[in-house]
$ cat work.cif   # mmCIF, C-alpha atoms and all ligand atoms
data_coords
loop_
_atom_site.label_atom_id
_atom_site.label_comp_id
_atom_site.auth_asym_id
_atom_site.auth_seq_id
_atom_site.Cartn_x
_atom_site.Cartn_y
_atom_site.Cartn_z
CA MET W 19 -170.90 -91.76 132.52
CA ASN W 20 -171.43 -88.36 130.97
CA LYS W 21 -168.07 -86.89 131.95
CA SER W 22 -166.65 -87.77 128.54
CA LEU W 23 -169.23 -85.47 126.92
CA ARG W 24 -167.48 -82.46 128.41
CA LYS W 25 -164.07 -81.01 127.79
CA ALA W 26 -162.19 -80.26 130.98
CA VAL W 27 -161.23 -76.62 131.40
CA ILE W 28 -158.43 -75.56 133.73
CA ALA W 29 -158.45 -71.81 134.27
CA GLY W 30 -155.92 -69.84 136.26
CA ASN W 31 -157.26 -66.86 138.18
CA TRP W 32 -154.23 -64.69 138.79
CA LYS W 33 -156.27 -62.16 140.81
CA MET W 34 -154.28 -58.95 141.52
CA ASN W 35 -150.90 -60.54 140.88
CA LYS W 36 -148.14 -60.12 138.28
CA THR W 37 -147.08 -56.96 136.48
CA PRO W 38 -146.90 -57.18 132.67
CA ALA W 39 -143.16 -57.97 132.87
CA GLU W 40 -143.79 -60.69 135.45
CA ALA W 41 -146.68 -62.04 133.39
CA LYS W 42 -144.38 -62.45 130.42
CA VAL W 43 -141.96 -64.55 132.45
CA LEU W 44 -144.68 -66.77 133.92
CA ILE W 45 -146.31 -67.39 130.53
CA SER W 46 -143.00 -68.24 128.91
CA GLU W 47 -142.45 -70.91 131.59
CA LEU W 48 -145.99 -72.13 131.35
CA LYS W 49 -146.38 -72.55 127.62
CA GLU W 50 -143.72 -75.25 127.37
CA LYS W 51 -145.14 -77.20 130.29
CA VAL W 52 -148.78 -77.32 129.10
CA LYS W 53 -148.30 -77.62 125.37
CA ASP W 54 -149.50 -81.23 125.21
CA ALA W 55 -152.59 -80.71 127.35
CA ASN W 56 -155.70 -82.62 126.46
CA CYS W 57 -157.92 -80.06 128.16
CA ASP W 58 -158.60 -76.37 127.62
CA VAL W 59 -156.10 -74.14 129.37
CA VAL W 60 -157.03 -70.56 130.24
CA ILE W 61 -155.25 -67.82 132.15
CA CYS W 62 -157.40 -65.02 133.57
CA VAL W 63 -155.03 -62.15 134.15
CA PRO W 64 -155.32 -58.54 135.41
CA TYR W 65 -156.56 -56.11 132.74
CA VAL W 66 -153.11 -54.52 132.39
CA ASP W 67 -151.59 -57.92 131.59
CA LEU W 68 -154.06 -58.81 128.85
CA GLN W 69 -152.04 -57.38 125.98
CA VAL W 70 -148.84 -59.13 126.94
CA ALA W 71 -150.73 -62.36 127.68
CA LEU W 72 -152.34 -62.30 124.22
CA GLU W 73 -148.97 -61.70 122.57
CA GLU W 74 -147.13 -64.36 124.57
CA THR W 75 -149.79 -67.03 124.05
CA LYS W 76 -150.18 -66.47 120.30
CA GLY W 77 -149.83 -69.81 118.50
CA THR W 78 -150.02 -71.80 121.75
CA ASN W 79 -152.87 -73.77 123.33
CA ILE W 80 -153.26 -71.23 126.16
CA LYS W 81 -156.35 -69.01 125.98
CA VAL W 82 -156.68 -65.66 127.69
CA GLY W 83 -159.43 -64.42 129.98
CA ALA W 84 -160.25 -61.32 132.02
CA GLN W 85 -161.41 -61.36 135.63
CA ASN W 86 -164.55 -59.28 135.18
CA CYS W 87 -166.44 -57.10 132.70
CA HIS W 88 -169.15 -54.47 132.88
CA PHE W 89 -172.61 -55.01 131.46
CA GLU W 90 -172.81 -51.89 129.30
CA LYS W 91 -171.01 -51.49 125.99
CA SER W 92 -169.60 -48.07 126.92
CA GLY W 93 -170.41 -45.02 129.02
CA ALA W 94 -169.76 -43.16 132.25
CA PHE W 95 -168.55 -46.07 134.38
CA THR W 96 -165.14 -44.96 135.63
CA ALA W 97 -162.57 -47.78 135.83
CA GLU W 98 -164.86 -50.39 134.30
CA VAL W 99 -164.09 -52.41 131.17
CA SER W 100 -166.77 -53.55 128.72
CA PRO W 101 -167.04 -56.96 127.04
CA ILE W 102 -166.75 -55.29 123.64
CA MET W 103 -163.32 -53.92 124.61
CA LEU W 104 -162.16 -57.35 125.73
CA LYS W 105 -163.49 -58.99 122.59
CA GLU W 106 -161.71 -56.56 120.30
CA MET W 107 -158.41 -57.31 122.02
CA GLY W 108 -158.83 -61.03 121.39
CA VAL W 109 -159.80 -62.08 124.91
CA GLU W 110 -162.01 -65.21 124.90
CA TYR W 111 -163.03 -65.84 128.51
CA VAL W 112 -164.15 -63.74 131.45
CA ILE W 113 -164.68 -64.63 135.10
CA ILE W 114 -168.01 -63.31 136.40
CA GLY W 115 -169.20 -63.05 140.00
CA HIS W 116 -166.08 -64.27 141.77
CA SER W 117 -166.69 -64.31 145.53
CA GLU W 118 -164.06 -61.59 146.01
CA ARG W 119 -166.10 -59.36 143.69
CA ARG W 120 -169.26 -60.23 145.59
CA THR W 121 -167.70 -59.77 149.04
CA TYR W 122 -165.49 -56.71 148.53
CA PHE W 123 -167.10 -54.91 145.60
CA GLY W 124 -170.80 -55.33 146.09
CA GLU W 125 -171.54 -57.70 143.21
CA THR W 126 -174.98 -59.28 143.54
CA ASP W 127 -176.70 -62.14 141.77
CA VAL W 128 -178.47 -59.53 139.66
CA THR W 129 -175.26 -57.81 138.48
CA VAL W 130 -173.72 -61.23 137.89
CA ASN W 131 -176.66 -61.99 135.61
CA LYS W 132 -176.28 -58.70 133.72
CA ARG W 133 -172.55 -59.23 133.25
CA THR W 134 -173.10 -62.82 132.10
CA LEU W 135 -175.63 -61.73 129.48
CA ALA W 136 -173.35 -58.91 128.29
CA ALA W 137 -170.33 -61.22 128.01
CA LEU W 138 -172.34 -63.76 126.02
CA SER W 139 -173.74 -61.17 123.67
CA GLU W 140 -170.20 -60.16 122.71
CA GLY W 141 -169.16 -63.77 122.22
CA LEU W 142 -167.05 -64.12 125.35
CA ILE W 143 -167.20 -67.31 127.42
CA PRO W 144 -168.24 -66.43 130.97
CA ILE W 145 -166.91 -68.46 133.89
CA VAL W 146 -169.76 -67.85 136.33
CA CYS W 147 -168.76 -68.32 139.97
CA VAL W 148 -171.09 -69.48 142.71
CA GLY W 149 -170.50 -70.79 146.22
CA GLU W 150 -171.47 -70.62 149.86
CA TYR W 151 -169.89 -69.08 152.96
CA LEU W 152 -168.90 -71.41 155.80
CA GLU W 153 -171.84 -70.21 157.89
CA GLN W 154 -174.25 -71.15 155.11
CA ARG W 155 -172.71 -74.61 154.82
CA GLU W 156 -173.12 -75.05 158.56
CA GLN W 157 -176.73 -73.92 158.31
CA GLY W 158 -177.32 -76.69 155.75
CA VAL W 159 -178.41 -74.36 152.93
CA THR W 160 -175.53 -74.88 150.46
CA GLU W 161 -177.52 -76.65 147.79
CA GLU W 162 -180.49 -74.26 147.89
CA LEU W 163 -178.20 -71.25 147.88
CA VAL W 164 -176.02 -72.42 145.02
CA ALA W 165 -179.08 -73.43 142.98
CA MET W 166 -180.50 -69.94 143.53
CA GLN W 167 -177.23 -68.26 142.51
CA VAL W 168 -177.14 -70.35 139.34
CA LYS W 169 -180.79 -69.64 138.48
CA ILE W 170 -180.43 -65.88 138.88
CA ALA W 171 -177.06 -65.73 137.09
CA LEU W 172 -178.59 -67.49 134.08
CA GLN W 173 -181.88 -65.55 133.76
CA GLY W 174 -182.38 -64.88 130.06
CA VAL W 175 -179.53 -67.16 128.93
CA THR W 176 -180.76 -69.43 126.13
CA ALA W 177 -180.11 -73.17 125.79
CA GLU W 178 -177.96 -72.39 122.74
CA GLN W 179 -175.87 -69.90 124.74
CA MET W 180 -175.33 -72.50 127.48
CA LYS W 181 -172.85 -74.21 125.13
CA ASN W 182 -170.59 -71.24 125.88
CA VAL W 183 -171.08 -70.96 129.63
CA ILE W 184 -168.78 -72.42 132.26
CA ILE W 185 -169.87 -72.57 135.89
CA ALA W 186 -167.34 -72.63 138.72
CA TYR W 187 -168.40 -73.90 142.13
CA GLU W 188 -166.16 -72.17 144.63
CA PRO W 189 -167.01 -72.60 148.31
CA VAL W 190 -165.91 -69.27 149.82
CA TRP W 191 -164.40 -70.99 152.87
CA ALA W 192 -162.04 -72.90 150.57
CA ILE W 193 -160.71 -69.95 148.58
CA GLY W 194 -157.14 -69.02 149.42
CA THR W 195 -157.42 -70.78 152.78
CA GLY W 196 -155.71 -74.08 152.03
CA LYS W 197 -158.97 -75.78 153.12
CA THR W 198 -160.11 -77.70 150.08
CA ALA W 199 -163.57 -79.19 149.83
CA THR W 200 -163.34 -82.97 149.85
CA SER W 201 -163.81 -84.53 146.45
CA GLU W 202 -167.23 -85.79 147.66
CA GLN W 203 -168.30 -82.32 148.79
CA ALA W 204 -167.18 -80.79 145.49
CA ASN W 205 -168.91 -83.47 143.45
CA GLU W 206 -172.12 -83.24 145.48
CA VAL W 207 -172.55 -79.51 144.86
CA ASN W 208 -171.45 -79.76 141.22
CA ALA W 209 -174.07 -82.48 140.72
CA CYS W 210 -176.66 -80.23 142.34
CA ILE W 211 -175.69 -77.44 139.92
CA ARG W 212 -176.13 -79.87 137.03
CA ASN W 213 -179.56 -80.85 138.36
CA THR W 214 -180.54 -77.21 138.45
CA LEU W 215 -179.39 -76.91 134.82
CA LYS W 216 -181.43 -80.01 133.93
CA LYS W 217 -184.56 -78.37 135.32
CA LEU W 218 -183.83 -75.17 133.40
CA TYR W 219 -182.55 -76.53 130.09
CA GLY W 220 -183.14 -80.29 129.98
CA GLU W 221 -180.83 -83.25 130.31
CA SER W 222 -178.76 -83.00 127.16
CA VAL W 223 -177.87 -79.31 127.57
CA ALA W 224 -177.04 -79.84 131.25
CA ASN W 225 -174.83 -82.82 130.49
CA GLY W 226 -172.74 -80.72 128.15
CA VAL W 227 -171.96 -77.86 130.56
CA THR W 228 -168.48 -77.69 132.07
CA ILE W 229 -168.74 -77.26 135.84
CA GLN W 230 -165.45 -76.50 137.54
CA TYR W 231 -164.43 -76.69 141.17
CA GLY W 232 -162.31 -73.94 142.69
CA GLY W 233 -160.90 -73.31 146.15
CA SER W 234 -157.39 -74.33 147.13
CA MET W 235 -157.07 -76.79 144.27
CA ASN W 236 -153.38 -77.59 143.98
CA ALA W 237 -150.83 -79.98 142.52
CA LYS W 238 -151.50 -82.52 145.30
CA ASN W 239 -155.28 -82.68 145.39
CA ALA W 240 -156.15 -81.97 141.74
CA ASP W 241 -156.03 -85.57 140.61
CA GLU W 242 -158.65 -86.73 143.07
CA LEU W 243 -160.96 -83.73 142.62
CA LEU W 244 -160.79 -83.90 138.83
CA SER W 245 -161.55 -87.63 138.78
CA MET W 246 -165.06 -86.98 140.14
CA GLU W 247 -167.96 -87.43 137.72
CA ASP W 248 -169.29 -83.88 137.94
CA VAL W 249 -166.00 -82.00 138.37
CA ASP W 250 -165.06 -80.94 134.85
CA GLY W 251 -162.08 -78.79 135.57
CA GLY W 252 -160.83 -76.20 137.98
CA LEU W 253 -160.56 -72.49 138.64
CA ILE W 254 -157.17 -72.13 140.22
CA GLY W 255 -155.98 -69.14 142.24
CA GLY W 256 -152.73 -69.46 144.19
CA ALA W 257 -151.43 -72.52 142.34
CA SER W 258 -151.86 -70.81 138.95
CA LEU W 259 -149.05 -68.42 139.83
CA LYS W 260 -146.48 -71.23 139.82
CA ALA W 261 -145.86 -72.73 136.39
CA ASP W 262 -144.92 -76.16 137.75
CA ASP W 263 -147.97 -76.49 139.99
CA PHE W 264 -150.36 -75.22 137.33
CA ALA W 265 -148.89 -77.68 134.82
CA VAL W 266 -149.45 -80.59 137.23
CA ILE W 267 -153.11 -79.61 137.50
CA VAL W 268 -153.44 -79.25 133.72
CA ASN W 269 -151.93 -82.69 133.28
CA ALA W 270 -154.27 -84.16 135.90
CA ALA W 271 -157.20 -82.83 133.86
CA SER W 272 -155.76 -84.23 130.65
CA LYS W 273 -156.11 -87.88 131.62
P1 LIG C 1 -157.39 -70.43 145.36
O1 LIG C 1 -158.42 -69.45 144.59
O2 LIG C 1 -157.06 -71.54 144.40
O3 LIG C 1 -156.22 -69.57 145.69
O4 LIG C 1 -158.12 -70.94 146.56
C1 LIG C 1 -159.40 -69.95 143.73
C2 LIG C 1 -160.21 -68.81 143.19
O5 LIG C 1 -160.46 -67.85 143.93
O6 LIG C 1 -160.63 -68.80 142.01
#
$ encode --input "work.cif" --output "structure tokens"
Amino acid sequence: MNKSLRKAVIAGNWKMNKTPAEAKVLISELKEKVKDANCDVVICVPYVDLQVALEETKGTNIKVGAQNCHFEKSGAFTAEVSPIMLKEMGVEYVIIGHSERRTYFGETDVTVNKRTLAALSEGLIPIVCVGEYLEQREQGVTEELVAMQVKIALQGVTAEQMKNVIIAYEPVWAIGTGKTATSEQANEVNACIRNTLKKLYGESVANGVTIQYGGSMNAKNADELLSMEDVDGGLIGGASLKADDFAVIVNAASK
């Protein structure tokens, strides 16, 4: 069993939810409930909540992430935020290539790769999201597609840098729909991602990479999903907005 080689990471993806004042309330509830976690706990909040999240989590075990970053350091890119800006604030993680970015904002595997490289070069930990649409699952191409997404996202990423990369498998049909992948489905694709990493970086690097599952993970199903050999944590949307539910998931990952 190689699962013990990897630290579980539970990351909340708040998406476009919570004003700074609301963020403060949620974090104050959360920090008590997850303080004894035996896994890494991250909250990826809207840009405008980053400052308050960093202040409220100071001295706690909760780390702060953003939900995207641009690939340039600065320049004429209206409304974008660069990794260097995030780093200076004290942000440690950044979600890259979430399916909502790909579907609604034109992100491609190539821009996901550029953003991943930029995040790594500033010392941020990218949470790189991959996953198939329902139609692609029905066409039987999930594994090929996810392997391709992973390969392109990681072009130019060194074996050394892979120690600071998290991959999140998020089947698009399971995100925000209440339809969770079964624990077998999640484990199967996560194992396929690990195999792709083995081909790219060798066995020992691949065995050390945290591969999360995301898509309607909640307080009820987290235990089973997180017990699977290749599921090393979760990227949690809806359930990360409720302190009690998020804490149950964190505790499930702490076993
Ligand atoms: P969900 O979202 O948990 O609400 O399905 C997960 C995600 O989009 O990261």
$ residues_near_ligand --input "work.cif" --ligand "ligand LIG 1 (chain C)" --cutoff "10 Å" --atoms "all atoms listed in the file" --output "ChimeraX atom specification"
/W:29-33,62,85,113,116-118,147,186-198,231-236,252-259
$ atom_distance --input "work.cif" --atom1 "atom CA of W:Glu140" --atom2 "atom CA of W:Lys105"
6.8 Å
$ residues_around --input "work.cif" --residues "W:Tyr65" --least-positions-apart "3" --cutoff "10 Å" --atoms "all atoms listed in the file" --output "ChimeraX atom specification"
/W:34,38,62,68-69,71,83-87,99,104
$ atom_distance --input "work.cif" --atom1 "atom CA of W:Ser222" --atom2 "atom CA of W:Asn182"
14.4 Å
$ closest_residue --input "work.cif" --among "W:Val223, W:Leu152, W:Glu74, W:Ile229" --to "W:Ala39" --atoms "all atoms listed in the file"
W:Glu74
$ residues_around --input "work.cif" --residues "W:Arg155" --least-positions-apart "4" --cutoff "12 Å" --atoms "only C-alpha atoms" --output "number ranges by chain"
W: 149-151, 159-164, 189-192, 199, 203, 207
$ residues_near_point --input "work.cif" --point "(-162.9, -75.8, 124.0)" --cutoff "12 Å" --atoms "only C-alpha atoms" --output "PyMOL selection string"
chain W and resi 23-29+55-60+79-81+110-111+143+181-184+226-228+251
$ axis_aligned_box --input "work.cif" --around "stretch 265-271 of chain W" --padding-each-side "5 Å" --output "AutoDock Vina command-line options"
--center_x -153.0 --center_y -80.9 --center_z 135.4 --size_x 18.3 --size_y 16.5 --size_z 14.2
$ closest_residue --input "work.cif" --among "W:Val268, W:Leu215, W:Val148, W:Leu72" --to "W:Asp241" --atoms "all atoms listed in the file"
W:Val268
$ atom_distance --input "work.cif" --atom1 "atom CA of W:Asp250" --atom2 "atom CA of W:Asn213"
14.9 Å
$ residues_around --input "work.cif" --residues "stretch 247-249 of chain W" --least-positions-apart "2" --cutoff "7 Å" --atoms "only C-alpha atoms" --output "mmCIF file with C-alpha atoms, keeping the file's coordinate frame"
data_model
loop_
_atom_site.group_PDB
_atom_site.id
_atom_site.type_symbol
_atom_site.label_atom_id
_atom_site.label_comp_id
_atom_site.auth_asym_id
_atom_site.auth_seq_id
_atom_site.Cartn_x
_atom_site.Cartn_y
_atom_site.Cartn_z
ATOM 1 C CA LYS W 21 -168.070 -86.890 131.950
ATOM 2 C CA ASN W 205 -168.910 -83.470 143.450
ATOM 3 C CA ASN W 208 -171.450 -79.760 141.220
ATOM 4 C CA ALA W 209 -174.070 -82.480 140.720
ATOM 5 C CA ILE W 229 -168.740 -77.260 135.840
ATOM 6 C CA GLN W 230 -165.450 -76.500 137.540
ATOM 7 C CA TYR W 231 -164.430 -76.690 141.170
ATOM 8 C CA LEU W 243 -160.960 -83.730 142.620
ATOM 9 C CA LEU W 244 -160.790 -83.900 138.830
ATOM 10 C CA SER W 245 -161.550 -87.630 138.780
ATOM 11 C CA GLY W 251 -162.080 -78.790 135.570
#
$ closest_residue --input "work.cif" --among "W:Asn20, W:Gln154, W:Ser92, W:Asn269" --to "W:Ala240" --atoms "all atoms listed in the file"
W:Asn269
$ residues_around --input "work.cif" --residues "W:Asn35" --least-positions-apart "4" --cutoff "9 Å" --atoms "all atoms listed in the file" --output "PyMOL selection string"
chain W and resi 40-41+63-64+259
$ write_last_selection --input "work.cif" --atoms "C-alpha atoms" --output "PDB file, keeping the file's coordinate frame"
ATOM      1  CA  GLU W  40    -143.790 -60.690 135.450  1.00  0.00           C
ATOM      2  CA  ALA W  41    -146.680 -62.040 133.390  1.00  0.00           C
ATOM      3  CA  VAL W  63    -155.030 -62.150 134.150  1.00  0.00           C
ATOM      4  CA  PRO W  64    -155.320 -58.540 135.410  1.00  0.00           C
ATOM      5  CA  LEU W 259    -149.050 -68.420 139.830  1.00  0.00           C
TER       6      LEU W 259
END
$ residues_around --input "work.cif" --residues "W:Ala177" --least-positions-apart "6" --cutoff "9 Å" --atoms "all atoms listed in the file" --output "VMD selection string"
chain W and resid 218 to 220 223
$ closest_residue --input "work.cif" --among "W:Ser272, W:Lys260, W:Asn225, W:Gln167" --to "W:Leu48" --atoms "all atoms listed in the file"
W:Lys260
$ closest_residue --input "work.cif" --among "W:Ile267, W:Ala261, W:Ala137, W:Val130" --to "W:Lys238" --atoms "only C-alpha atoms"
W:Ile267
$ closest_residue --input "work.cif" --among "W:Ile211, W:Glu125, W:Ser46, W:Met166" --to "W:Lys76" --atoms "only C-alpha atoms"
W:Ser46
